[in-house]
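What follows is upload.csv (CSV, C-alpha atoms).
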```
chain,number,residue,atom,x,y,z
A,27,ASP,CA,86.3,76.8,109.6
A,28,LEU,CA,83.4,76.8,107.2
A,29,HIS,CA,85.5,78.0,104.2
A,30,SER,CA,86.6,74.4,103.8
A,31,PHE,CA,83.2,73.0,104.5
A,32,PRO,CA,81.0,71.8,101.5
A,33,THR,CA,78.4,74.6,101.5
A,34,ARG,CA,75.8,72.9,99.5
A,35,ARG,CA,75.9,69.8,101.7
A,36,SER,CA,75.9,71.9,104.8
A,37,SER,CA,72.8,73.8,103.6
A,38,ASP,CA,70.9,70.5,103.4
A,39,LEU,CA,71.7,69.8,107.1
A,40,TRP,CA,71.2,73.3,108.4
A,41,GLN,CA,67.9,73.8,106.5
A,42,ARG,CA,66.4,70.9,108.5
A,43,GLU,CA,67.3,73.0,111.6
A,44,LEU,CA,64.8,75.7,110.8
A,45,LEU,CA,66.8,77.9,108.6
A,46,GLU,CA,65.9,79.3,105.2
A,47,TRP,CA,68.4,78.6,102.3
A,48,ASP,CA,69.2,82.3,101.8
A,49,GLU,CA,69.6,83.0,105.5
A,50,THR,CA,71.9,79.9,105.9
A,51,LEU,CA,74.2,81.0,103.1
A,52,ARG,CA,74.3,84.6,104.2
A,53,PHE,CA,75.2,83.8,107.7
A,54,ALA,CA,77.8,81.1,106.7
A,55,VAL,CA,79.6,83.6,104.5
A,56,GLN,CA,79.6,86.4,107.1
A,57,ASN,CA,80.3,84.1,110.1
A,58,PRO,CA,82.4,81.2,108.9
A,59,THR,CA,82.6,79.0,112.1
A,60,ILE,CA,80.6,76.0,113.3
A,61,ARG,CA,80.1,77.7,116.7
A,62,ALA,CA,78.4,80.8,115.1
A,63,LEU,CA,76.1,78.6,113.1
A,64,ALA,CA,75.2,76.5,116.1
A,65,GLU,CA,74.2,79.7,117.9
A,66,LEU,CA,72.0,80.7,115.0
A,67,VAL,CA,70.4,77.3,114.9
A,68,HIS,CA,69.6,77.6,118.6
A,69,ALA,CA,68.1,81.1,118.1
A,70,LYS,CA,65.9,79.9,115.2
A,71,ARG,CA,64.7,76.8,117.1
A,72,GLN,CA,63.6,79.1,120.0
A,73,GLU,CA,61.9,81.4,117.5
A,74,ALA,CA,59.9,78.5,116.0
A,75,GLU,CA,58.9,77.2,119.4
A,76,THR,CA,57.9,80.6,120.9
A,77,GLY,CA,57.0,82.6,117.9
A,78,GLU,CA,59.3,85.4,119.1
A,79,SER,CA,62.5,86.4,117.4
A,80,GLU,CA,65.7,86.4,119.4
A,81,SER,CA,68.6,88.7,118.6
A,82,GLY,CA,70.7,85.7,117.8
A,83,PRO,CA,74.5,85.6,117.7
A,84,THR,CA,76.6,88.7,117.1
A,85,PRO,CA,77.9,88.8,113.6
A,86,GLN,CA,81.7,88.6,113.3
A,87,GLY,CA,83.8,91.3,111.7
A,88,SER,CA,84.9,94.8,112.3
A,89,GLY,CA,81.5,96.0,113.7
A,90,ARG,CA,80.6,97.8,110.5
A,91,GLU,CA,77.1,96.9,109.4
A,92,LYS,CA,77.1,94.6,106.4
A,93,THR,CA,74.8,95.6,103.6
A,94,VAL,CA,75.4,92.9,100.9
A,95,THR,CA,76.2,89.3,100.9
A,96,LEU,CA,78.0,87.9,97.8
A,97,LEU,CA,77.0,84.2,97.7
A,98,SER,CA,79.1,81.8,95.7
A,99,LEU,CA,76.7,79.1,94.5
A,100,ARG,CA,79.0,77.2,92.1
A,101,ALA,CA,82.7,77.4,91.3
A,102,GLY,CA,82.3,76.5,87.6
A,103,SER,CA,85.2,75.9,85.2
A,104,GLU,CA,88.2,78.0,84.3
A,105,GLY,CA,87.7,80.4,81.4
A,106,TRP,CA,83.9,80.8,81.8
A,107,SER,CA,82.0,83.9,82.6
A,108,ARG,CA,80.8,84.5,86.1
A,109,LEU,CA,77.1,84.8,86.4
A,110,PHE,CA,75.7,87.0,89.1
A,111,LEU,CA,72.0,86.5,90.0
A,112,ILE,CA,70.0,89.5,91.4
A,113,PRO,CA,66.8,88.4,93.2
A,114,ASP,CA,63.3,89.6,92.8
A,115,GLY,CA,61.2,91.7,95.3
A,116,THR,CA,61.4,89.1,98.0
A,117,ALA,CA,65.1,89.9,98.3
A,118,THR,CA,65.9,86.1,98.4
A,119,ILE,CA,67.2,83.7,95.8
A,120,ALA,CA,64.4,81.2,96.4
A,121,GLY,CA,62.8,82.2,93.0
A,122,PHE,CA,66.0,81.0,91.2
A,123,ASN,CA,66.0,77.5,92.7
A,124,PRO,CA,64.4,75.8,89.7
A,125,LEU,CA,66.9,77.5,87.5
A,126,LEU,CA,70.0,76.7,89.6
A,127,SER,CA,69.7,72.9,89.0
A,128,ARG,CA,69.4,73.4,85.3
A,129,LEU,CA,72.4,75.8,84.7
A,130,ASP,CA,75.4,74.3,82.9
A,131,GLN,CA,78.0,73.0,85.4
A,132,ARG,CA,80.7,75.0,83.7
A,133,LEU,CA,79.2,78.3,84.7
A,134,HIS,CA,80.5,80.2,87.8
A,135,VAL,CA,77.3,81.2,89.6
A,136,SER,CA,77.0,83.7,92.4
A,137,ALA,CA,74.2,85.8,93.9
A,138,LEU,CA,74.0,89.4,95.2
A,139,THR,CA,71.6,89.8,98.1
A,140,PRO,CA,71.0,92.2,100.9
A,141,ALA,CA,72.8,91.1,104.0
A,142,SER,CA,69.6,91.0,106.0
A,143,VAL,CA,65.9,91.9,106.0
A,144,ASP,CA,66.7,94.8,108.3
A,145,ALA,CA,69.4,96.1,105.9
A,146,TYR,CA,66.9,95.9,103.0
A,147,LEU,CA,64.1,97.6,104.9
A,148,SER,CA,66.4,100.4,106.1
A,149,ILE,CA,66.6,101.8,102.6
A,150,PRO,CA,63.9,104.5,101.9
A,151,PRO,CA,61.6,103.2,99.2
A,152,ALA,CA,62.4,106.2,97.0
A,153,GLU,CA,66.0,105.1,97.0
A,154,LEU,CA,65.6,101.3,97.1
A,155,ILE,CA,66.7,100.3,93.6
A,156,PRO,CA,69.5,102.9,93.2
A,157,THR,CA,70.9,102.0,96.7
A,158,LEU,CA,70.8,98.2,96.0
A,159,ALA,CA,72.6,98.9,92.7
A,160,ARG,CA,75.3,100.9,94.4
A,161,TRP,CA,75.8,98.2,97.1
A,162,TYR,CA,76.0,95.5,94.4
A,163,VAL,CA,78.4,97.5,92.2
A,164,HIS,CA,80.7,98.0,95.2
A,165,ALA,CA,80.6,94.3,96.0
A,166,LEU,CA,81.5,93.4,92.4
A,167,GLU,CA,84.3,95.9,92.3
A,168,THR,CA,85.7,94.8,95.7
A,169,ASP,CA,85.5,91.2,94.5
A,170,GLY,CA,87.5,92.1,91.4
A,171,SER,CA,85.1,90.5,89.0
A,172,GLU,CA,86.0,91.1,85.4
A,173,PHE,CA,83.3,91.2,82.7
A,174,PRO,CA,80.5,90.2,85.1
A,175,PHE,CA,77.4,88.7,83.6
A,176,ILE,CA,74.3,89.9,85.5
A,177,CYS,CA,70.8,88.5,85.5
A,178,GLY,CA,67.9,90.0,87.5
A,179,SER,CA,64.4,88.6,88.0
A,180,CYS,CA,61.3,90.8,88.2
A,181,MET,CA,62.3,93.8,90.4
A,182,GLY,CA,65.9,92.4,90.2
A,183,GLY,CA,65.9,93.2,86.5
A,184,LEU,CA,65.5,96.9,87.3
A,185,VAL,CA,68.3,96.6,89.8
A,186,ALA,CA,70.4,94.9,87.1
A,187,LEU,CA,69.6,97.8,84.7
A,188,GLU,CA,70.9,100.2,87.4
A,189,VAL,CA,74.0,98.0,88.1
A,190,ALA,CA,74.8,98.0,84.4
A,191,ARG,CA,74.5,101.7,84.1
A,192,LEU,CA,76.8,102.3,87.1
A,193,LEU,CA,79.4,99.9,85.9
A,194,GLU,CA,79.4,101.5,82.4
A,195,ARG,CA,79.8,104.9,84.1
A,196,ASN,CA,82.8,103.5,85.9
A,197,ASN,CA,84.2,102.3,82.5
A,198,LYS,CA,83.7,98.6,83.5
A,199,HIS,CA,82.9,96.1,80.8
A,200,LEU,CA,80.0,93.7,81.2
A,201,GLY,CA,79.9,90.2,80.0
A,202,ALA,CA,76.1,90.3,79.4
A,203,VAL,CA,72.9,91.6,80.9
A,204,ALA,CA,69.8,89.4,81.2
A,205,VAL,CA,66.4,90.1,82.9
A,206,ILE,CA,63.5,87.7,83.6
A,207,ASN,CA,59.9,89.0,83.7
A,208,SER,CA,61.0,92.5,84.5
A,209,VAL,CA,59.5,95.9,83.7
A,210,LYS,CA,58.9,99.3,85.3
A,211,PRO,CA,55.1,99.8,85.1
A,212,PRO,CA,54.0,103.1,83.7
A,213,TYR,CA,51.7,103.5,86.7
A,214,THR,CA,52.1,103.2,90.5
A,215,ILE,CA,50.6,100.4,92.7
A,216,ASN,CA,49.1,101.7,96.0
A,217,ASP,CA,46.3,99.2,96.5
A,218,SER,CA,47.1,97.0,99.5
A,219,LEU,CA,44.8,94.3,98.0
A,220,LEU,CA,47.3,93.9,95.1
A,221,SER,CA,50.2,93.9,97.5
A,222,TYR,CA,48.6,91.1,99.6
A,223,LEU,CA,47.7,89.0,96.6
A,224,THR,CA,51.3,89.4,95.3
A,225,PHE,CA,52.6,88.3,98.7
A,226,ILE,CA,50.5,85.2,99.0
A,227,GLN,CA,51.6,84.1,95.5
A,228,GLU,CA,55.2,84.6,96.4
A,229,ILE,CA,54.7,82.0,99.2
A,230,ARG,CA,53.0,79.7,96.8
A,231,ILE,CA,49.4,80.3,97.9
A,232,ALA,CA,47.0,80.4,94.9
A,233,PRO,CA,44.5,83.3,95.1
A,234,LEU,CA,41.8,80.8,94.1
A,235,THR,CA,42.3,79.3,97.6
A,236,LEU,CA,40.6,82.5,98.8
A,237,GLY,CA,38.0,82.4,96.1
A,238,ILE,CA,39.8,84.9,93.9
A,239,ASP,CA,40.0,84.6,90.1
A,240,VAL,CA,43.2,86.3,89.0
A,241,HIS,CA,41.8,86.9,85.5
A,242,ALA,CA,39.0,89.0,87.1
A,243,ILE,CA,41.7,90.9,89.1
A,244,GLY,CA,43.7,91.5,85.9
A,245,ARG,CA,40.6,92.9,84.1
A,246,ALA,CA,39.9,95.2,87.0
A,247,VAL,CA,43.5,96.4,87.1
A,248,ALA,CA,43.3,97.1,83.3
A,249,ALA,CA,40.1,99.1,83.9
A,250,VAL,CA,41.8,101.2,86.6
A,251,ILE,CA,44.9,102.0,84.7
A,252,GLY,CA,42.8,102.9,81.7
A,253,GLN,CA,41.7,105.9,83.8
A,254,GLY,CA,45.0,107.2,85.1
A,255,GLU,CA,48.6,106.4,86.2
A,256,ASP,CA,47.9,105.2,89.7
A,257,ILE,CA,46.1,102.2,91.3
A,258,PRO,CA,44.9,103.7,94.6
A,259,GLU,CA,43.6,101.9,97.6
A,260,ARG,CA,40.4,99.9,97.0
A,261,ALA,CA,40.5,100.8,93.2
A,262,VAL,CA,40.6,97.2,92.2
A,263,LEU,CA,37.7,96.2,94.4
A,264,THR,CA,35.6,99.1,93.0
A,265,HIS,CA,36.2,97.7,89.4
A,266,LEU,CA,35.2,94.1,90.1
A,267,PRO,CA,31.6,93.0,89.2
A,268,PRO,CA,29.7,93.5,92.5
A,269,GLU,CA,27.9,90.2,92.4
A,270,SER,CA,31.0,88.1,91.6
A,271,PRO,CA,32.6,85.6,94.0
A,272,THR,CA,35.9,87.4,93.5
A,273,HIS,CA,34.3,90.7,94.6
A,274,ALA,CA,33.0,89.0,97.7
A,275,ALA,CA,36.4,87.4,98.5
A,276,CYS,CA,38.2,90.7,98.0
A,277,GLN,CA,35.6,92.6,100.0
A,278,SER,CA,36.3,90.2,102.9
A,279,ILE,CA,40.1,90.9,102.6
A,280,ALA,CA,39.5,94.6,102.5
A,281,THR,CA,37.8,94.5,105.8
A,282,MET,CA,40.7,92.7,107.5
A,283,SER,CA,43.4,94.5,109.4
A,284,ARG,CA,47.0,93.9,108.3
A,285,GLU,CA,47.4,91.5,111.2
A,286,GLU,CA,44.3,89.6,110.2
A,287,ARG,CA,45.6,89.3,106.6
A,288,LEU,CA,48.8,87.8,107.9
A,289,THR,CA,46.9,85.4,110.1
A,290,LYS,CA,44.9,84.2,107.1
A,291,ALA,CA,48.1,83.8,105.0
A,292,PHE,CA,49.8,81.8,107.8
A,293,GLU,CA,46.7,79.6,108.1
A,294,LEU,CA,46.7,78.9,104.3
A,295,TYR,CA,50.5,78.4,104.2
A,296,SER,CA,50.4,76.0,107.1
A,297,GLN,CA,48.0,73.8,105.0
A,298,SER,CA,50.1,73.9,101.9
A,299,PRO,CA,52.3,71.1,100.7
A,300,GLY,CA,55.4,73.2,101.0
A,301,PHE,CA,55.0,73.8,104.7
A,302,SER,CA,57.5,71.9,106.8
A,303,GLY,CA,56.1,72.8,110.2
A,304,THR,CA,59.0,75.1,111.0
A,305,MET,CA,58.1,78.5,109.4
A,306,PRO,CA,57.7,81.0,112.3
A,307,ARG,CA,55.0,83.6,112.0
A,308,SER,CA,57.6,86.3,112.3
A,309,ARG,CA,59.3,85.0,109.2
A,310,LEU,CA,56.1,85.4,107.2
A,311,ASP,CA,55.6,88.9,108.5
A,312,GLY,CA,59.2,89.7,107.3
A,313,ILE,CA,58.4,88.5,103.8
A,314,PHE,CA,55.2,90.5,103.7
A,315,ARG,CA,57.1,93.7,104.8
A,316,VAL,CA,59.8,93.1,102.2
A,317,VAL,CA,57.2,92.6,99.4
A,318,GLU,CA,55.4,95.8,100.4
A,319,HIS,CA,58.7,97.7,100.5
A,320,SER,CA,59.7,96.4,97.1
A,321,ILE,CA,56.4,97.5,95.4
A,322,GLN,CA,57.0,101.0,96.7
A,323,GLY,CA,60.6,100.9,95.6
A,324,VAL,CA,59.5,100.0,92.0
A,325,ASN,CA,56.8,102.8,92.2
A,326,ALA,CA,59.6,105.3,92.9
A,327,TYR,CA,62.3,104.1,90.5
A,328,VAL,CA,63.2,106.4,87.6
A,329,PRO,CA,65.0,104.2,85.0
A,330,ARG,CA,67.8,105.4,82.8
A,331,ALA,CA,69.2,103.8,79.6
A,332,VAL,CA,72.3,101.7,79.4
A,333,GLU,CA,74.7,101.2,76.4
A,334,SER,CA,74.6,97.4,76.8
A,335,ALA,CA,72.4,94.9,75.0
A,336,VAL,CA,69.8,93.2,77.1
A,337,THR,CA,68.2,89.7,76.8
A,338,LEU,CA,64.7,89.6,78.1
A,339,PHE,CA,63.1,86.3,79.2
A,340,ARG,CA,59.4,87.1,79.1
A,341,ARG,CA,56.3,85.1,80.1
A,342,GLU,CA,53.8,84.4,77.4
A,343,GLU,CA,50.6,84.2,79.4
A,344,GLU,CA,49.4,87.7,80.2
A,345,ASP,CA,45.9,87.4,81.7
A,346,ALA,CA,46.9,84.6,84.1
A,347,PHE,CA,48.7,87.2,86.2
A,348,LEU,CA,47.3,89.7,88.7
A,349,ILE,CA,48.8,92.8,87.1
A,350,PRO,CA,48.9,92.9,83.2
A,351,LEU,CA,52.5,93.8,82.4
A,352,GLY,CA,53.8,91.2,79.9
A,353,ARG,CA,53.0,93.2,76.8
A,354,LEU,CA,54.7,96.2,78.2
A,355,MET,CA,58.1,94.4,78.7
A,356,ARG,CA,59.3,94.6,75.2
A,357,GLU,CA,58.4,98.2,74.9
A,358,PHE,CA,60.2,99.1,78.1
A,359,TRP,CA,63.4,97.3,77.4
A,360,GLU,CA,63.6,98.5,73.8
A,361,GLN,CA,63.6,102.0,75.3
A,362,TYR,CA,66.4,101.4,77.9
A,363,ALA,CA,68.6,98.7,76.3
A,364,GLY,CA,70.9,100.9,74.2
A,365,GLY,CA,72.8,98.0,72.7
A,366,GLY,CA,69.7,96.3,71.5
A,367,LEU,CA,67.1,93.8,72.8
A,368,HIS,CA,66.8,90.1,72.3
A,369,VAL,CA,63.5,88.6,73.6
A,370,VAL,CA,63.0,84.9,74.6
A,371,ASN,CA,59.4,83.9,75.3
A,372,LEU,CA,58.6,81.6,78.3
A,373,PRO,CA,55.6,79.3,78.6
A,374,GLY,CA,53.4,80.1,81.6
A,375,ASN,CA,52.6,83.1,83.8
A,376,HIS,CA,54.7,85.2,86.1
A,377,TRP,CA,55.4,82.3,88.5
A,378,THR,CA,55.0,79.2,86.4
A,379,SER,CA,57.3,80.5,83.7
A,380,MET,CA,60.3,80.0,86.1
A,381,GLN,CA,59.4,76.3,86.6
A,382,ALA,CA,60.1,73.2,84.5
A,383,SER,CA,60.4,74.0,80.8
A,384,GLY,CA,60.6,77.7,81.4
A,385,ALA,CA,63.6,77.3,83.7
A,386,THR,CA,65.2,75.1,81.1
A,387,ILE,CA,64.8,77.7,78.4
A,388,ILE,CA,66.3,80.4,80.7
A,389,ALA,CA,69.2,78.1,81.6
A,390,ASP,CA,70.0,77.4,78.0
A,391,GLY,CA,69.7,81.1,77.1
A,392,LEU,CA,72.0,82.1,79.9
A,393,PHE,CA,74.5,79.4,78.9
A,394,ALA,CA,74.5,80.7,75.3
A,395,LEU,CA,75.2,84.3,76.6
A,396,ALA,CA,78.0,83.1,78.9
A,397,LYS,CA,79.5,81.0,76.1
A,398,GLY,CA,79.6,84.1,73.9
A,399,GLY,CA,81.4,86.0,76.6
A,400,SER,CA,83.8,83.2,77.8
A,401,SER,CA,87.5,83.2,76.9
```

Output the structure of this file as structure tokens.
Amino acid sequence: DLHSFPTRRSSDLWQRELLEWDETLRFAVQNPTIRALAELVHAKRQEAETGESESGPTPQGSGREKTVTLLSLRAGSEGWSRLFLIPDGTATIAGFNPLLSRLDQRLHVSALTPASVDAYLSIPPAELIPTLARWYVHALETDGSEFPFICGSCMGGLVALEVARLLERNNKHLGAVAVINSVKPPYTINDSLLSYLTFIQEIRIAPLTLGIDVHAIGRAVAAVIGQGEDIPERAVLTHLPPESPTHAACQSIATMSREERLTKAFELYSQSPGFSGTMPRSRLDGIFRVVEHSIQGVNAYVPRAVESAVTLFRREEEDAFLIPLGRLMREFWEQYAGGGLHVVNLPGNHWTSMQASGATIIADGLFALAKGGSS
């Protein structure tokens, strides 16, 4: 029985057997036996060797499809608030990894994630954020958590806004609400080039590897949105200097099919320091689909204000990111945080601000919020 098995130690062992951290935890919570995990390890080894996904072991339970996994990451100390992390548009907690090691040991830390990629992709984009919020609120209420402290990153911050609103509507009291590098853009993103560049950065491939200057992309995006409220297909390419290396690199990507873009991403990822030799191609395709789905979900989301105060952890570097949003964050959250807004600046851009010193600043800030709400 895995309920008595040290989960963090187990994850070290299972991760060597071709499993992603999130997938390991999700499956362990939903299928708490060694036999079930052994079947999953076998299925994933076959997937890595053949490149084809097996159906894997049948999940245990009543047969009702699971939509949410509530992951307990740390037990914490008695009397302290319980922190619930809500992931970004990759739908995994991987982005929180630098933060987890820096959080005070007294904090109870859990994560709310979709039960599977299929569960996530089954939600129509127009309903993505409201549906995730309803799922997470149901999980919190079923768990019996009192005064939950929620923290969402990027798109997860918008989910946290909706979770807070639903809990307030149900007359539930929140411990605190925090968001990291989160905003609902005042425009929609429908340029597949931007989706692709966002995706490769999520798997730690620098656009410069493709010959793309993110500053040039940011300037092109600013030029596009200066003309309207949508970034349509090929709009960014059209606004790049025609003779620039970035234009040439983006033109090359624009001529690729979706499959060719994935092939290029897999090639670059295979050469990166983070590649362990076990990432199956199908897994990369799944991440790409999730990122594309999340962008459309953000496009469709209509935010509504909450009564709670919100703490915003915001990156300082604006033009080092593909899509200029940092300066819009304060304005957005001042509008929707009815209880007031506190802003904490982070060094770095959208991705680097969650590393090293930025992660320490967030950890200290979350601890201070939890300390204020602890009994």

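Each of A:Leu184, A:Ile251, A:Ile206, A:Ile176 was checked against Ile387 (chain A) using all atoms listed in the file; the smallest atom-to-atom distance is that of A:Ile206.
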
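Among A:Arg191, A:Val250, A:Val369, A:Thr289, the residue with the shortest atom-to-atom distance to Pro156 (chain A), counting all atoms listed in the file, is A:Arg191.
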
I want to know what sits within 8 Å of Thr224 (chain A), based on all atoms listed in the file, with residues of the same chain fewer than 3 positions away left out; could you give that as number ranges by chain?
A: 220-221, 227-228, 317, 348

Pick out the residues sitting within 8 Å of Gly182 (chain A), and hand them over as an MDAnalysis selection string; count only C-alpha atoms, and ignore anything fewer than 2 positions along from it in its own chain.
chainID A and resid 112:115 177:180 184:186 205 208

Cut-off 12 Å: closest region 253-312 of chain A/region 140-151 of chain A atom pairs per residue, using only C-alpha atoms, as a tab-separated table:
```
residue	atom	partner	partner_atom	distance
A:Ser308	CA	A:Val143	CA	11.8
A:Arg309	CA	A:Val143	CA	10.1
A:Leu310	CA	A:Val143	CA	11.8
A:Asp311	CA	A:Val143	CA	11.0
A:Gly312	CA	A:Val143	CA	7.2
```

From the set A:Val370, A:Leu200, A:Ile238, A:Leu154, which residue has the shortest atom-to-atom contact distance to Thr386 (chain A), counting only C-alpha atoms?
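Among the listed residues, A:Val370 lies closest to Thr386 (chain A).
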
For a test of reading the model, state the distance in Å between CA of Phe175 (chain A) and CA of Arg340 (chain A), rounded to one decimal.
18.6 Å

Please, what distance in Å, to one decimal, runs between CA of Ile215 (chain A) and CA of Asp256 (chain A)?
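One can read the CA of Ile215 (chain A) to CA of Asp256 (chain A) distance as 6.3 Å.
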
So what do you get for CA of Ala117 (chain A) versus CA of Pro306 (chain A), distance-wise?
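Between CA of Ala117 (chain A) and CA of Pro306 (chain A) the gap works out to 18.2 Å.
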
I want to know what sits within 12 Å of Ser127 (chain A), based on all atoms listed in the file, with residues of the same chain fewer than 4 positions away left out; could you give that as a list in words?
Leu99, Arg100, Phe122, Asn123, Gln131, Leu133, Val135, Gln381, Ala382, Ala385, Thr386, Ile388, Ala389 and Asp390 of chain A

Dump C-alpha atoms for the selected residues as a CSV table (one decimal), in the frame of the given file?
```csv
chain,number,residue,atom,x,y,z
A,99,LEU,CA,76.7,79.1,94.5
A,100,ARG,CA,79.0,77.2,92.1
A,122,PHE,CA,66.0,81.0,91.2
A,123,ASN,CA,66.0,77.5,92.7
A,131,GLN,CA,78.0,73.0,85.4
A,133,LEU,CA,79.2,78.3,84.7
A,135,VAL,CA,77.3,81.2,89.6
A,381,GLN,CA,59.4,76.3,86.6
A,382,ALA,CA,60.1,73.2,84.5
A,385,ALA,CA,63.6,77.3,83.7
A,386,THR,CA,65.2,75.1,81.1
A,388,ILE,CA,66.3,80.4,80.7
A,389,ALA,CA,69.2,78.1,81.6
A,390,ASP,CA,70.0,77.4,78.0
```

So which residues touch Trp377 (chain A) within 10 Å, counting all atoms listed in the file, skipping near sequence neighbours fewer than 4 positions away, as a list in words?
Gly121, Asn207, Gln227, Glu228, Arg230, Arg341, Ala346, Phe347, Gln381 and Gly384 of chain A

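Of the listed residues A:Val94, A:Val262, A:Ala137, A:Met181, the one whose atoms come nearest to Ser320 (chain A) is A:Met181, with distances taken using all atoms listed in the file.
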
Can you work out which one of A:Glu153, A:Arg132, A:His164, A:Phe110 has the shortest atom-to-atom distance to Thr93 (chain A), counting all atoms listed in the file?
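Counting all atoms listed in the file, the residue closest to Thr93 (chain A) is A:His164.
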
Using all atoms listed in the file, which residues of region 228-265 of chain A come within 12 Å of region 293-299 of chain A, and what is the closest atom pair for each, with the distance in Å to one decimal? Give it as a Markdown table, sorted by chain and residue number.
```
| residue | atom | partner | partner_atom | distance |
| --- | --- | --- | --- | --- |
| A:Glu228 | CA | A:Tyr295 | CA | 11.0 |
| A:Ile229 | CA | A:Tyr295 | CA | 7.5 |
| A:Arg230 | CA | A:Tyr295 | CA | 7.9 |
| A:Ile231 | CA | A:Tyr295 | CA | 6.7 |
| A:Ala232 | CA | A:Leu294 | CA | 9.5 |
| A:Pro233 | CA | A:Leu294 | CA | 10.4 |
| A:Leu234 | CA | A:Leu294 | CA | 11.5 |
| A:Thr235 | CA | A:Leu294 | CA | 8.0 |
| A:Leu236 | CA | A:Leu294 | CA | 9.0 |
```

Selection near Ala190 (chain A), 9 Å with only C-alpha atoms, sequence-local residues under 5 positions removed, as a list in words
Ala159, Val163, Ile176, Val185, Arg195, Lys198, Leu200, Val203, Val332, Glu333 and Ser334 of chain A

Give me a file of those residues, with C-alpha atoms, as a compact mmCIF listing (two decimals), in the frame of the given file.
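Output file selection.txt is given in full below:
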```txt
# COMPACT_ATOMS: atom_id res chain seq x y z
CA ALA A 159 72.60 98.90 92.70
CA VAL A 163 78.40 97.50 92.20
CA ILE A 176 74.30 89.90 85.50
CA VAL A 185 68.30 96.60 89.80
CA ARG A 195 79.80 104.90 84.10
CA LYS A 198 83.70 98.60 83.50
CA LEU A 200 80.00 93.70 81.20
CA VAL A 203 72.90 91.60 80.90
CA VAL A 332 72.30 101.70 79.40
CA GLU A 333 74.70 101.20 76.40
CA SER A 334 74.60 97.40 76.80
```

May I ask which of the residues A:Leu138, A:Leu351, A:Ala204, A:Met282 is the closest one to Asp169 (chain A), counting only C-alpha atoms?
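For Asp169 (chain A), the nearest of the candidates is A:Leu138.
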